[in-house]
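The structure file run_17.txt is reproduced below (compact mmCIF, C-alpha atoms and all ligand atoms).
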# COMPACT_ATOMS: atom_id res chain seq x y z
CA MET A 1 -7.91 -24.88 24.67
CA LEU A 2 -8.69 -23.57 21.21
CA PRO A 3 -12.22 -22.54 20.22
CA ASP A 4 -14.08 -24.37 17.46
CA THR A 5 -15.40 -21.69 15.11
CA SER A 6 -16.06 -24.02 12.19
CA LYS A 7 -19.88 -23.90 12.34
CA ARG A 8 -20.98 -20.97 10.22
CA THR A 9 -24.36 -21.99 8.79
CA ARG A 10 -26.00 -18.58 9.20
CA SER A 11 -23.13 -16.90 7.32
CA GLU A 12 -23.54 -19.47 4.57
CA SER A 13 -27.22 -18.73 4.15
CA ILE A 14 -26.73 -14.94 4.20
CA PHE A 15 -23.92 -15.31 1.65
CA LYS A 16 -26.22 -17.25 -0.69
CA GLN A 17 -28.84 -14.53 -0.42
CA ALA A 18 -26.30 -11.69 -0.77
CA SER A 19 -24.81 -13.32 -3.86
CA GLN A 20 -28.15 -12.92 -5.65
CA VAL A 21 -28.16 -9.16 -5.20
CA ILE A 22 -24.50 -8.10 -4.87
CA PRO A 23 -21.80 -9.22 -7.33
CA GLY A 24 -20.05 -12.10 -5.56
CA GLY A 25 -21.98 -11.29 -2.39
CA VAL A 26 -19.46 -8.64 -1.33
CA ASN A 27 -18.88 -4.93 -1.80
CA SER A 28 -15.12 -5.31 -2.22
CA PRO A 29 -13.45 -8.35 -3.81
CA ALA A 30 -10.80 -8.81 -1.09
CA ARG A 31 -13.56 -9.83 1.33
CA ALA A 32 -14.72 -12.81 -0.72
CA PHE A 33 -12.89 -16.09 -0.27
CA GLY A 34 -11.98 -16.35 -3.96
CA ALA A 35 -8.37 -17.35 -3.31
CA VAL A 36 -8.99 -19.79 -0.46
CA GLY A 37 -12.45 -21.19 -1.22
CA GLY A 38 -15.42 -21.37 1.14
CA THR A 39 -17.75 -18.77 2.57
CA PRO A 40 -16.67 -15.63 4.42
CA PRO A 41 -18.09 -15.22 7.93
CA PHE A 42 -20.58 -12.38 8.08
CA MET A 43 -19.72 -10.09 10.95
CA LYS A 44 -22.06 -8.76 13.54
CA ARG A 45 -19.95 -6.85 16.01
CA GLY A 46 -16.42 -5.71 16.74
CA GLU A 47 -14.93 -5.50 20.21
CA GLY A 48 -11.29 -4.48 20.71
CA ALA A 49 -9.13 -7.17 19.12
CA TYR A 50 -12.13 -9.42 18.36
CA LEU A 51 -14.82 -9.86 15.75
CA LEU A 52 -18.08 -11.70 16.40
CA ASP A 53 -19.94 -13.28 13.50
CA VAL A 54 -23.65 -13.93 12.96
CA ASP A 55 -23.27 -17.55 14.13
CA GLY A 56 -21.90 -16.43 17.50
CA ASN A 57 -18.26 -17.31 16.73
CA CYS A 58 -15.56 -15.06 18.15
CA PHE A 59 -12.36 -14.47 16.17
CA ILE A 60 -9.10 -12.76 17.07
CA ASP A 61 -9.00 -10.17 14.28
CA TYR A 62 -5.76 -9.59 12.35
CA ILE A 63 -7.38 -7.59 9.55
CA GLY A 64 -8.68 -4.61 11.51
CA SER A 65 -10.90 -3.60 8.57
CA TRP A 66 -7.80 -3.97 6.32
CA GLY A 67 -5.80 -1.53 8.40
CA PRO A 68 -7.83 1.24 10.04
CA HIS A 69 -8.29 -0.20 13.53
CA LEU A 70 -4.89 0.58 15.03
CA PHE A 71 -6.51 0.64 18.49
CA GLY A 72 -8.96 -2.19 17.83
CA HIS A 73 -12.70 -2.03 17.25
CA ARG A 74 -14.86 0.55 19.02
CA HIS A 75 -12.18 2.40 20.92
CA PRO A 76 -14.08 4.60 23.42
CA ALA A 77 -12.33 7.85 22.41
CA ILE A 78 -13.19 7.32 18.74
CA LEU A 79 -16.78 6.28 19.47
CA GLN A 80 -17.29 9.32 21.66
CA ALA A 81 -15.96 11.69 18.99
CA ILE A 82 -18.30 10.15 16.40
CA GLU A 83 -21.30 10.36 18.74
CA GLN A 84 -20.67 14.02 19.47
CA ALA A 85 -20.25 14.85 15.78
CA LEU A 86 -23.45 13.00 14.86
CA LEU A 87 -25.51 15.13 17.20
CA ILE A 88 -24.43 18.29 15.39
CA GLY A 89 -25.07 17.13 11.84
CA THR A 90 -23.90 14.51 9.35
CA SER A 91 -22.87 16.78 6.49
CA PHE A 92 -23.08 20.46 5.63
CA GLY A 93 -21.44 20.82 2.22
CA ALA A 94 -19.75 23.87 3.72
CA PRO A 95 -16.37 24.23 5.40
CA THR A 96 -15.99 23.33 9.08
CA GLU A 97 -13.29 23.99 11.65
CA ALA A 98 -12.67 20.24 12.03
CA GLU A 99 -11.21 20.12 8.51
CA ALA A 100 -8.57 22.69 9.38
CA GLU A 101 -7.79 20.84 12.61
CA MET A 102 -7.43 17.57 10.73
CA ALA A 103 -5.15 19.15 8.11
CA GLN A 104 -3.00 20.71 10.84
CA LEU A 105 -2.61 17.35 12.61
CA VAL A 106 -1.65 15.56 9.38
CA ILE A 107 0.92 18.23 8.51
CA GLU A 108 2.45 18.05 11.99
CA MET A 109 2.66 14.27 11.91
CA VAL A 110 3.71 13.41 8.33
CA PRO A 111 7.12 14.97 7.60
CA SER A 112 6.75 15.77 3.86
CA ILE A 113 3.21 17.18 3.88
CA GLU A 114 2.90 20.97 3.79
CA MET A 115 -0.68 21.12 2.52
CA VAL A 116 -3.32 18.42 2.36
CA ARG A 117 -6.72 17.78 0.76
CA MET A 118 -9.29 15.36 2.21
CA VAL A 119 -11.14 12.84 0.03
CA ASN A 120 -13.31 9.78 0.76
CA SER A 121 -11.08 6.78 -0.01
CA GLY A 122 -7.55 5.69 -0.78
CA THR A 123 -8.49 5.26 -4.43
CA GLU A 124 -9.60 8.87 -4.66
CA ALA A 125 -6.39 9.97 -2.98
CA THR A 126 -4.09 8.20 -5.48
CA MET A 127 -6.23 9.14 -8.47
CA SER A 128 -6.07 12.79 -7.43
CA ALA A 129 -2.34 12.72 -6.64
CA ILE A 130 -1.60 11.34 -10.12
CA ARG A 131 -3.68 14.09 -11.73
CA VAL A 132 -2.00 16.79 -9.67
CA ALA A 133 1.49 15.42 -10.46
CA ARG A 134 0.62 15.46 -14.17
CA GLY A 135 -0.82 18.96 -13.94
CA PHE A 136 2.17 20.23 -12.00
CA THR A 137 4.81 18.76 -14.33
CA GLY A 138 2.90 19.06 -17.62
CA ARG A 139 3.94 15.44 -18.32
CA ASN A 140 1.92 12.24 -18.71
CA GLY A 141 4.18 9.30 -17.85
CA ILE A 142 3.92 7.41 -14.60
CA VAL A 143 5.96 4.59 -13.11
CA LYS A 144 4.38 2.00 -10.85
CA PHE A 145 5.72 -1.28 -9.54
CA ALA A 146 4.34 -4.76 -10.17
CA GLY A 147 2.38 -5.98 -7.16
CA CYS A 148 1.75 -2.53 -5.71
CA TYR A 149 -1.92 -1.66 -5.40
CA HIS A 150 -3.07 1.94 -5.46
CA GLY A 151 -6.85 1.49 -5.48
CA HIS A 152 -8.91 0.82 -8.57
CA VAL A 153 -7.69 3.83 -10.53
CA ASP A 154 -7.74 3.10 -14.29
CA SER A 155 -4.19 4.26 -14.98
CA LEU A 156 -2.81 2.25 -12.04
CA LEU A 157 -4.73 -0.98 -12.60
CA VAL A 158 -1.79 -2.66 -14.34
CA ALA A 159 0.05 -5.51 -12.64
CA ALA A 160 -1.84 -4.46 -9.52
CA GLY A 161 -1.75 -6.25 -6.16
CA SER A 162 -4.44 -7.00 -3.57
CA GLY A 163 -7.78 -8.31 -4.90
CA ALA A 164 -6.70 -7.78 -8.51
CA LEU A 165 -3.74 -10.08 -7.98
CA THR A 166 -5.67 -12.67 -6.03
CA LEU A 167 -8.30 -12.89 -8.73
CA GLY A 168 -5.63 -13.47 -11.33
CA CYS A 169 -6.68 -10.51 -13.47
CA PRO A 170 -3.73 -8.15 -13.15
CA SER A 171 -5.41 -5.70 -15.44
CA SER A 172 -9.14 -5.34 -15.69
CA PRO A 173 -11.62 -5.42 -18.58
CA GLY A 174 -13.21 -1.99 -18.79
CA VAL A 175 -9.88 -0.18 -18.56
CA PRO A 176 -9.22 1.13 -22.09
CA PRO A 177 -5.65 0.69 -23.37
CA GLY A 178 -5.36 4.47 -23.58
CA ALA A 179 -5.80 4.78 -19.81
CA THR A 180 -2.66 2.75 -19.12
CA ALA A 181 -0.65 3.75 -22.21
CA ASN A 182 1.47 6.16 -20.16
CA THR A 183 2.04 3.75 -17.28
CA VAL A 184 5.42 2.03 -17.04
CA VAL A 185 5.48 -1.04 -14.78
CA LEU A 186 8.78 -1.94 -13.10
CA THR A 187 9.95 -4.57 -10.63
CA TYR A 188 9.94 -3.58 -6.95
CA ASN A 189 13.41 -3.28 -5.41
CA ASP A 190 15.06 -3.47 -8.87
CA CYS A 191 17.49 -0.54 -9.06
CA GLU A 192 18.81 -1.41 -12.53
CA SER A 193 15.46 -1.30 -14.34
CA LEU A 194 14.67 1.93 -12.53
CA LYS A 195 17.86 3.55 -13.85
CA VAL A 196 17.13 2.36 -17.39
CA ALA A 197 13.56 3.66 -17.25
CA PHE A 198 14.76 7.10 -16.20
CA GLN A 199 17.51 7.10 -18.82
CA LYS A 200 14.95 6.36 -21.54
CA ASN A 201 11.93 8.34 -20.36
CA GLY A 202 13.00 10.44 -17.38
CA ASP A 203 11.97 13.74 -18.89
CA GLN A 204 8.48 12.48 -19.72
CA LEU A 205 7.76 11.05 -16.28
CA ALA A 206 5.27 13.05 -14.23
CA ALA A 207 5.40 10.72 -11.22
CA VAL A 208 6.65 7.56 -9.64
CA ILE A 209 4.11 6.02 -7.27
CA LEU A 210 4.87 3.21 -4.86
CA GLU A 211 3.94 1.62 -1.57
CA PRO A 212 7.02 2.49 0.52
CA VAL A 213 6.44 -0.81 2.32
CA VAL A 214 4.25 -3.03 0.16
CA GLY A 215 1.20 -4.59 1.77
CA ASN A 216 -0.72 -5.57 -1.32
CA MET A 217 1.41 -8.44 -2.64
CA GLY A 218 1.84 -9.44 0.97
CA CYS A 219 4.32 -7.51 3.05
CA VAL A 220 7.43 -6.66 1.02
CA ILE A 221 10.12 -4.39 2.40
CA PRO A 222 12.10 -1.94 0.27
CA THR A 223 15.89 -1.96 0.32
CA PRO A 224 17.45 1.32 1.48
CA GLU A 225 19.28 1.59 -1.91
CA PHE A 226 16.00 1.30 -3.81
CA LEU A 227 14.33 4.12 -1.87
CA SER A 228 17.30 6.47 -2.02
CA LEU A 229 17.80 5.83 -5.75
CA LEU A 230 14.13 6.66 -6.31
CA ARG A 231 14.52 9.92 -4.44
CA GLN A 232 17.69 10.80 -6.31
CA LEU A 233 16.32 10.03 -9.81
CA CYS A 234 13.04 11.85 -9.21
CA THR A 235 14.87 14.95 -7.99
CA GLN A 236 17.27 14.83 -10.92
CA HIS A 237 14.48 14.54 -13.53
CA GLY A 238 11.85 16.79 -11.93
CA THR A 239 9.55 13.78 -11.45
CA VAL A 240 7.09 13.83 -8.54
CA LEU A 241 7.80 11.04 -6.05
CA ILE A 242 4.51 9.83 -4.58
CA PHE A 243 4.54 7.60 -1.51
CA ASP A 244 1.25 5.76 -1.37
CA GLU A 245 0.98 5.50 2.40
CA VAL A 246 -2.71 4.55 2.44
CA MET A 247 -1.67 1.41 4.33
CA THR A 248 1.63 2.41 5.95
CA GLY A 249 0.61 5.90 7.07
CA PHE A 250 0.25 5.94 10.89
CA ARG A 251 0.82 2.15 10.79
CA VAL A 252 4.60 1.72 10.63
CA ALA A 253 5.28 5.00 12.45
CA ALA A 254 3.30 8.13 13.36
CA GLY A 255 4.83 9.79 10.30
CA GLY A 256 4.54 6.73 8.07
CA ALA A 257 7.25 4.89 6.15
CA GLN A 258 8.81 8.20 5.10
CA GLN A 259 9.60 8.92 8.72
CA LEU A 260 10.80 5.38 9.38
CA PHE A 261 13.19 5.40 6.42
CA GLY A 262 14.07 9.10 6.41
CA ILE A 263 13.11 9.58 2.76
CA THR A 264 11.04 12.63 1.86
CA PRO A 265 8.57 12.15 -0.99
CA ASP A 266 7.05 15.09 -2.90
CA MET A 267 3.49 13.85 -2.40
CA THR A 268 1.86 11.37 -0.04
CA THR A 269 -1.48 9.59 -0.17
CA LEU A 270 -3.26 8.49 3.00
CA GLY A 271 -6.32 6.42 3.87
CA LYS A 272 -7.36 3.59 6.18
CA ILE A 273 -6.10 4.64 9.68
CA ILE A 274 -6.68 8.33 8.95
CA GLY A 275 -10.45 7.72 9.03
CA ALA A 276 -10.48 5.38 12.05
CA GLY A 277 -12.95 3.16 10.19
CA MET A 278 -14.88 5.98 8.50
CA PRO A 279 -14.44 6.54 4.74
CA VAL A 280 -11.53 9.00 4.55
CA GLY A 281 -8.56 9.46 2.26
CA ALA A 282 -6.13 12.34 1.85
CA TYR A 283 -3.41 13.52 -0.46
CA GLY A 284 -0.82 16.13 0.30
CA GLY A 285 2.73 17.24 -0.19
CA ARG A 286 4.90 20.16 -1.13
CA ALA A 287 3.05 23.48 -1.04
CA ASP A 288 4.12 24.43 -4.58
CA ILE A 289 2.58 21.21 -5.89
CA MET A 290 -0.59 21.40 -3.77
CA ASN A 291 -1.12 25.01 -4.86
CA CYS A 292 -1.96 23.57 -8.30
CA VAL A 293 -5.20 22.12 -6.85
CA SER A 294 -8.56 23.78 -7.54
CA PRO A 295 -9.82 26.34 -6.52
CA ILE A 296 -6.42 27.98 -5.90
CA GLY A 297 -4.89 26.20 -8.91
CA LYS A 298 -6.14 24.74 -12.18
CA VAL A 299 -6.11 20.99 -11.47
CA TYR A 300 -9.72 20.07 -10.76
CA GLN A 301 -10.59 17.79 -7.86
CA ALA A 302 -13.74 17.88 -5.74
CA GLY A 303 -16.04 15.87 -3.47
CA THR A 304 -19.56 16.45 -2.13
CA LEU A 305 -18.81 14.60 1.11
CA SER A 306 -15.07 15.31 1.34
CA GLY A 307 -14.02 16.46 4.80
CA ASN A 308 -17.26 15.06 6.17
CA PRO A 309 -17.69 16.24 9.79
CA VAL A 310 -18.37 12.80 11.30
CA ALA A 311 -15.42 11.27 9.45
CA MET A 312 -13.18 14.18 10.47
CA ALA A 313 -14.17 13.75 14.11
CA ALA A 314 -13.22 10.07 13.98
CA GLY A 315 -9.93 10.80 12.23
CA ILE A 316 -8.97 13.60 14.60
CA ALA A 317 -9.67 11.34 17.58
CA MET A 318 -7.47 8.64 16.00
CA LEU A 319 -4.55 10.98 15.32
CA LYS A 320 -4.77 12.43 18.83
CA LEU A 321 -4.77 8.94 20.34
CA ILE A 322 -1.63 8.14 18.35
CA ARG A 323 0.09 11.26 19.65
CA GLU A 324 -0.98 10.71 23.24
CA GLN A 325 -0.29 7.00 23.45
CA ASN A 326 2.63 6.40 21.06
CA PRO A 327 1.52 2.79 20.34
CA TYR A 328 4.56 1.94 18.18
CA PRO A 329 6.82 0.32 20.80
CA ARG A 330 3.95 -1.99 21.81
CA LEU A 331 3.03 -2.69 18.16
CA GLU A 332 6.65 -3.66 17.46
CA GLN A 333 6.74 -5.95 20.47
CA ALA A 334 3.42 -7.59 19.59
CA GLY A 335 4.40 -7.97 15.93
CA GLN A 336 7.69 -9.57 16.91
CA ARG A 337 6.02 -11.98 19.33
CA LEU A 338 3.52 -13.05 16.67
CA ALA A 339 6.15 -13.45 13.93
CA ASP A 340 8.47 -15.45 16.20
CA GLY A 341 5.58 -17.69 17.20
CA PHE A 342 4.52 -18.29 13.58
CA GLN A 343 8.11 -19.07 12.64
CA ALA A 344 8.49 -21.62 15.43
CA ALA A 345 5.08 -23.17 14.69
CA ALA A 346 5.94 -23.59 11.00
CA HIS A 347 9.36 -24.99 11.83
CA ALA A 348 7.86 -27.57 14.20
CA ALA A 349 5.51 -28.74 11.45
CA ARG A 350 8.32 -28.60 8.83
CA VAL A 351 6.47 -26.09 6.71
CA ASP A 352 8.73 -23.63 4.85
CA VAL A 353 7.79 -20.04 5.58
CA ARG A 354 9.30 -16.62 5.04
CA ILE A 355 7.89 -13.94 7.30
CA ASN A 356 8.20 -10.34 6.18
CA ARG A 357 7.39 -7.83 8.90
CA ILE A 358 7.64 -4.18 9.75
CA GLY A 359 6.22 -3.39 13.17
CA SER A 360 2.62 -4.56 13.31
CA MET A 361 2.33 -5.31 9.58
CA LEU A 362 3.36 -8.78 8.40
CA THR A 363 2.87 -11.65 5.96
CA VAL A 364 3.67 -15.32 6.39
CA PHE A 365 4.71 -16.43 2.89
CA LEU A 366 4.57 -20.19 2.39
CA THR A 367 7.83 -20.44 0.50
CA SER A 368 11.46 -21.28 1.19
CA HIS A 369 12.82 -18.24 -0.69
CA THR A 370 13.14 -14.61 0.38
CA VAL A 371 10.31 -12.42 -0.90
CA THR A 372 11.41 -9.08 -2.33
CA ASP A 373 9.09 -8.51 -5.30
CA LEU A 374 6.02 -9.84 -7.10
CA ASP A 375 7.73 -12.85 -8.69
CA SER A 376 9.16 -14.09 -5.43
CA ALA A 377 5.81 -13.48 -3.68
CA THR A 378 3.84 -15.45 -6.25
CA ALA A 379 6.26 -18.38 -5.91
CA SER A 380 4.47 -19.13 -2.62
CA ASP A 381 2.39 -22.28 -2.19
CA THR A 382 -1.10 -20.78 -2.35
CA ALA A 383 -2.91 -24.13 -2.06
CA ARG A 384 -1.13 -24.83 1.21
CA PHE A 385 -1.78 -21.26 2.31
CA ALA A 386 -5.52 -21.85 1.76
CA ARG A 387 -5.41 -24.95 4.00
CA TRP A 388 -3.50 -23.08 6.69
CA PHE A 389 -5.91 -20.15 6.45
CA HIS A 390 -8.96 -22.38 6.96
CA GLY A 391 -7.22 -24.16 9.83
CA MET A 392 -6.74 -20.78 11.51
CA LEU A 393 -10.28 -19.60 10.77
CA ASN A 394 -11.77 -22.77 12.25
CA ARG A 395 -9.69 -22.18 15.38
CA GLY A 396 -10.86 -18.62 15.96
CA VAL A 397 -8.23 -16.61 14.09
CA TYR A 398 -9.34 -14.19 11.38
CA LEU A 399 -6.51 -13.64 8.88
CA PRO A 400 -6.55 -12.00 5.44
CA CYS A 401 -8.06 -14.53 3.02
CA SER A 402 -5.16 -14.39 0.55
CA GLN A 403 -1.43 -15.11 0.57
CA PHE A 404 -0.94 -11.69 -1.00
CA GLU A 405 -2.20 -9.44 1.80
CA ALA A 406 -0.64 -8.13 5.00
CA MET A 407 -2.04 -8.90 8.43
CA PHE A 408 -2.15 -6.29 11.17
CA VAL A 409 -1.73 -6.46 14.92
CA SER A 410 -3.45 -3.73 16.92
CA ALA A 411 -2.37 -1.96 20.09
CA VAL A 412 -5.11 -3.82 22.01
CA HIS A 413 -4.06 -7.38 21.08
CA THR A 414 -2.75 -8.82 24.36
CA ASN A 415 0.11 -11.29 24.71
CA ALA A 416 -2.56 -13.86 25.62
CA ASP A 417 -4.34 -13.18 22.29
CA ILE A 418 -1.07 -13.60 20.44
CA ASP A 419 -0.18 -16.79 22.28
CA GLN A 420 -3.59 -18.26 21.52
CA THR A 421 -3.03 -17.35 17.86
CA ILE A 422 0.31 -19.14 17.91
CA ALA A 423 -1.31 -22.22 19.45
CA ALA A 424 -3.82 -22.17 16.58
CA ALA A 425 -0.90 -21.84 14.15
CA VAL A 426 0.87 -24.88 15.60
CA ALA A 427 -2.23 -27.00 14.96
CA SER A 428 -2.97 -25.41 11.57
CA PHE A 429 0.55 -25.78 10.20
CA ALA A 430 0.54 -29.42 11.27
CA GLY A 431 -2.77 -29.85 9.45
CA CYS A 432 -1.97 -27.90 6.30
CA GLN A 433 0.36 -30.59 4.91
CA THR A 434 -2.39 -33.06 4.22
CA ASP A 435 -5.81 -31.59 5.23
C1 LIG B 501 -6.17 0.13 0.41
C2 LIG B 501 -5.20 0.81 -0.45
C3 LIG B 501 -5.59 1.73 -1.45
C4 LIG B 501 -7.03 1.94 -1.80
O1 LIG B 501 -7.77 2.51 -0.77
P1 LIG B 501 -9.38 2.38 -0.81
O2 LIG B 501 -9.81 3.15 0.40
O3 LIG B 501 -9.66 0.92 -0.75
O4 LIG B 501 -9.84 2.98 -2.08
C5 LIG B 501 -4.61 2.41 -2.13
N1 LIG B 501 -3.31 2.23 -1.86
C6 LIG B 501 -2.90 1.36 -0.92
C7 LIG B 501 -1.44 1.21 -0.65
C8 LIG B 501 -3.81 0.62 -0.20
O5 LIG B 501 -3.39 -0.27 0.71

Structure encoded using structure tokens:
Amino acid sequence: MLPDTSKRTRSESIFKQASQVIPGGVNSPARAFGAVGGTPPFMKRGEGAYLLDVDGNCFIDYIGSWGPHLFGHRHPAILQAIEQALLIGTSFGAPTEAEAEMAQLVIEMVPSIEMVRMVNSGTEATMSAIRVARGFTGRNGIVKFAGCYHGHVDSLLVAAGSGALTLGCPSSPGVPPGATANTVVLTYNDCESLKVAFQKNGDQLAAVILEPVVGNMGCVIPTPEFLSLLRQLCTQHGTVLIFDEVMTGFRVAAGGAQQLFGITPDMTTLGKIIGAGMPVGAYGGRADIMNCVSPIGKVYQAGTLSGNPVAMAAGIAMLKLIREQNPYPRLEQAGQRLADGFQAAAHAARVDVRINRIGSMLTVFLTSHTVTDLDSATASDTARFARWFHGMLNRGVYLPCSQFEAMFVSAVHTNADIDQTIAAAVASFAGCQTD
């Protein structure tokens, strides 16, 4: 028996009120239902794998705050760490031991990181990494890939994924042409254009930045040749290879995509899971590069609340949980069960889908073609996706509200949760043809 979560009148009235005082009623565009229509449910409470909204509906949550909740909402170990930290003080603006402990944990877990700096968001992490790479190399050029999203950094807001893609404004007003003049945009997984770009501009390229598994045009997986060519060209030309692991870090493996694929970047950016739901980002890498960062080096980067004690406590508890529990075998199993179920449900309803998945991170693309880059992702049937999405939402399943986002399974989703989700998918795929 599937729940009926279609009555959301209180959310609708709060949304109306919020829209008067907040642009679009939301504090981050990906939360609005721009791509699928309708009103987002306003959430009241999280509990493990579930979210409860203000109308009393309960949803199985496959967003997990867009990644952070690897162990579900309100895991006791994380809550306890936050409570203890709160009692001592919320911020000192002075160094604390927790920051060193956090840095040590990150360095032990992520293979390429020798030194690390904490910031407050993924955007800050990528913005800072780009500056450090430019300072280190004395060059200005950067390569990014169409459909990758690296936060709302001016120089990276070209052909960007996530909310920017969904809203159909791949670059944003307010970003002066000068800010992106040194940014070269290439096609993900395209080895030929990468070679040409390095032949032409290799010696002016400070950095190549990419999502080593893309989440922000939906889940897109790199070919092994693409990743190893990147590594080889960057080494050859003295270009800094930056893996933006804000989404994949601690998600696809304890050491991120770099561990999974055995490719060592020069710098790595982290976010999302590292803060366990608190606002944390980090950037790190080779010691010779990180020694360029102020105050030891000349590249300036700072933050009043960076390394915040409450956020560090949450992050440390998260990383320790990962080490103690090794959730990755279970995440793989759960991800596989969900993907297989979606595939069968779509097949039964004769809906064409392509499911891209790595572990607990996946996207159901409504298309009959393989999805390897932005063009193949955007060939999906977004109108049908919107109908499927609303079918799922009305049956108690909370999915990302865009075709071009990844969904996440947590370590606390049970097989029963997944089977209920698949039952909802059977009904929603059947309905999405004509609804
Ligand atoms: C979410 C995300 C960012 C931006 O992080 P914020 O904390 O939203 O600023 C950057 N890069 C990737 C790959 C992301 O998924």

Shell around Asp266 of chain A at 12 Å using all atoms listed in the file, local window under 6 positions removed, as an MDAnalysis selection string:
chainID A and resid 110:115 129:130 132:133 136 206:209 230:232 234:235 238:244 258 283:290

Could you check which of A:Glu101, A:Asp381, A:Asp190, A:Glu245 is closest to ligand LIG 501 (chain B), using only C-alpha atoms and all ligand atoms?
A:Glu245

Counting only C-alpha atoms and all ligand atoms, which residues of chain A fall within 9 Å of ligand LIG 501 (chain B), and what is the closest atom pair for each with its distance in Å at one decimal, ordered by chain and rising number, as a Markdown table?
| residue | atom | partner | partner_atom | distance |
| --- | --- | --- | --- | --- |
| A:Ser28 | CA | B:LIG501 | O3 | 8.4 |
| A:Trp66 | CA | B:LIG501 | C1 | 7.4 |
| A:Gly67 | CA | B:LIG501 | O5 | 8.2 |
| A:Asn120 | CA | B:LIG501 | O2 | 7.5 |
| A:Ser121 | CA | B:LIG501 | O2 | 3.9 |
| A:Gly122 | CA | B:LIG501 | O1 | 3.2 |
| A:Thr123 | CA | B:LIG501 | O4 | 3.5 |
| A:Glu124 | CA | B:LIG501 | O4 | 6.4 |
| A:Ala125 | CA | B:LIG501 | C5 | 7.8 |
| A:Thr126 | CA | B:LIG501 | C5 | 6.7 |
| A:Cys148 | CA | B:LIG501 | C7 | 7.1 |
| A:Tyr149 | CA | B:LIG501 | N1 | 5.4 |
| A:His150 | CA | B:LIG501 | N1 | 3.6 |
| A:Gly151 | CA | B:LIG501 | C4 | 3.7 |
| A:His152 | CA | B:LIG501 | O4 | 6.9 |
| A:Val153 | CA | B:LIG501 | O4 | 8.8 |
| A:Ser162 | CA | B:LIG501 | O5 | 8.0 |
| A:Leu210 | CA | B:LIG501 | C7 | 7.8 |
| A:Glu211 | CA | B:LIG501 | C7 | 5.5 |
| A:Pro212 | CA | B:LIG501 | C7 | 8.6 |
| A:Val213 | CA | B:LIG501 | C7 | 8.7 |
| A:Val214 | CA | B:LIG501 | C7 | 7.1 |
| A:Gly215 | CA | B:LIG501 | O5 | 6.4 |
| A:Asn216 | CA | B:LIG501 | O5 | 6.3 |
| A:Phe243 | CA | B:LIG501 | C7 | 8.8 |
| A:Asp244 | CA | B:LIG501 | C7 | 5.3 |
| A:Glu245 | CA | B:LIG501 | C7 | 5.8 |
| A:Val246 | CA | B:LIG501 | C6 | 4.6 |
| A:Met247 | CA | B:LIG501 | O5 | 4.3 |
| A:Thr248 | CA | B:LIG501 | C7 | 7.4 |
| A:Thr269 | CA | B:LIG501 | N1 | 7.8 |
| A:Leu270 | CA | B:LIG501 | N1 | 7.9 |
| A:Gly271 | CA | B:LIG501 | O2 | 5.9 |
| A:Lys272 | CA | B:LIG501 | O2 | 6.3 |
| A:Pro279 | CA | B:LIG501 | O2 | 7.2 |
| A:Val280 | CA | B:LIG501 | O2 | 7.4 |
| A:Gly281 | CA | B:LIG501 | O2 | 6.7 |

9 Å contact set for Ala427 of chain A, all atoms listed in the file, chain neighbours under 4 positions out, as a list in words:
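Here the qualifying residues turn out to be Ala345, Ala349, Gly391, Met392, Arg395, Ile422, Ala423, Gly431 and Cys432 of chain A.
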
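Put simply, atom CA of Ile63 of chain A is 5.6 Å away from atom CA of Met407 of chain A.
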
Report, in Å with one decimal, the straight-line distance from atom CA of Lys298 of chain A to atom CA of Ile142 of chain A.
20.2 Å

Quick one: which segment 356-416 of chain A residues come within 8 Å of segment 1-23 of chain A, and what is the nearest atom pair for each with the distance in Å to one decimal, counting all atoms listed in the file, rows ordered by chain and ascending number, as a tab-separated table?
residue	atom	partner	partner_atom	distance
A:Leu393	CA	A:Thr5	CA	7.0
A:Asn394	CA	A:Ser6	CA	4.5
A:Arg395	CA	A:Asp4	CA	5.3
A:Gly396	CA	A:Thr5	CA	5.5

Show which residues sit within 10 Å of Ala411 of chain A, as a count of residues only. Count only C-alpha atoms, and ignore same-chain residues fewer than 4 positions away.
18

As a short mmCIF file (atom, residue, chain, number, x, y, z; two decimals), keeping the file's coordinate frame, please: segment 376-380 of chain A completed to N, CA, C and O atoms.
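Final file, result_34.cif:
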data_model
loop_
_atom_site.label_atom_id
_atom_site.label_comp_id
_atom_site.auth_asym_id
_atom_site.auth_seq_id
_atom_site.Cartn_x
_atom_site.Cartn_y
_atom_site.Cartn_z
N SER A 376 8.83 -13.24 -6.58
CA SER A 376 9.16 -14.09 -5.43
C SER A 376 7.94 -14.28 -4.52
O SER A 376 7.80 -15.33 -3.89
N ALA A 377 7.04 -13.31 -4.48
CA ALA A 377 5.81 -13.48 -3.68
C ALA A 377 4.92 -14.56 -4.28
O ALA A 377 4.41 -15.43 -3.58
N THR A 378 4.78 -14.51 -5.61
CA THR A 378 3.84 -15.45 -6.25
C THR A 378 4.43 -16.86 -6.37
O THR A 378 3.73 -17.77 -6.79
N ALA A 379 5.69 -17.03 -5.98
CA ALA A 379 6.26 -18.38 -5.91
C ALA A 379 5.76 -19.15 -4.68
O ALA A 379 6.07 -20.32 -4.50
N SER A 380 4.98 -18.48 -3.83
CA SER A 380 4.47 -19.13 -2.62
C SER A 380 3.46 -20.22 -2.95
O SER A 380 2.82 -20.20 -4.00
#
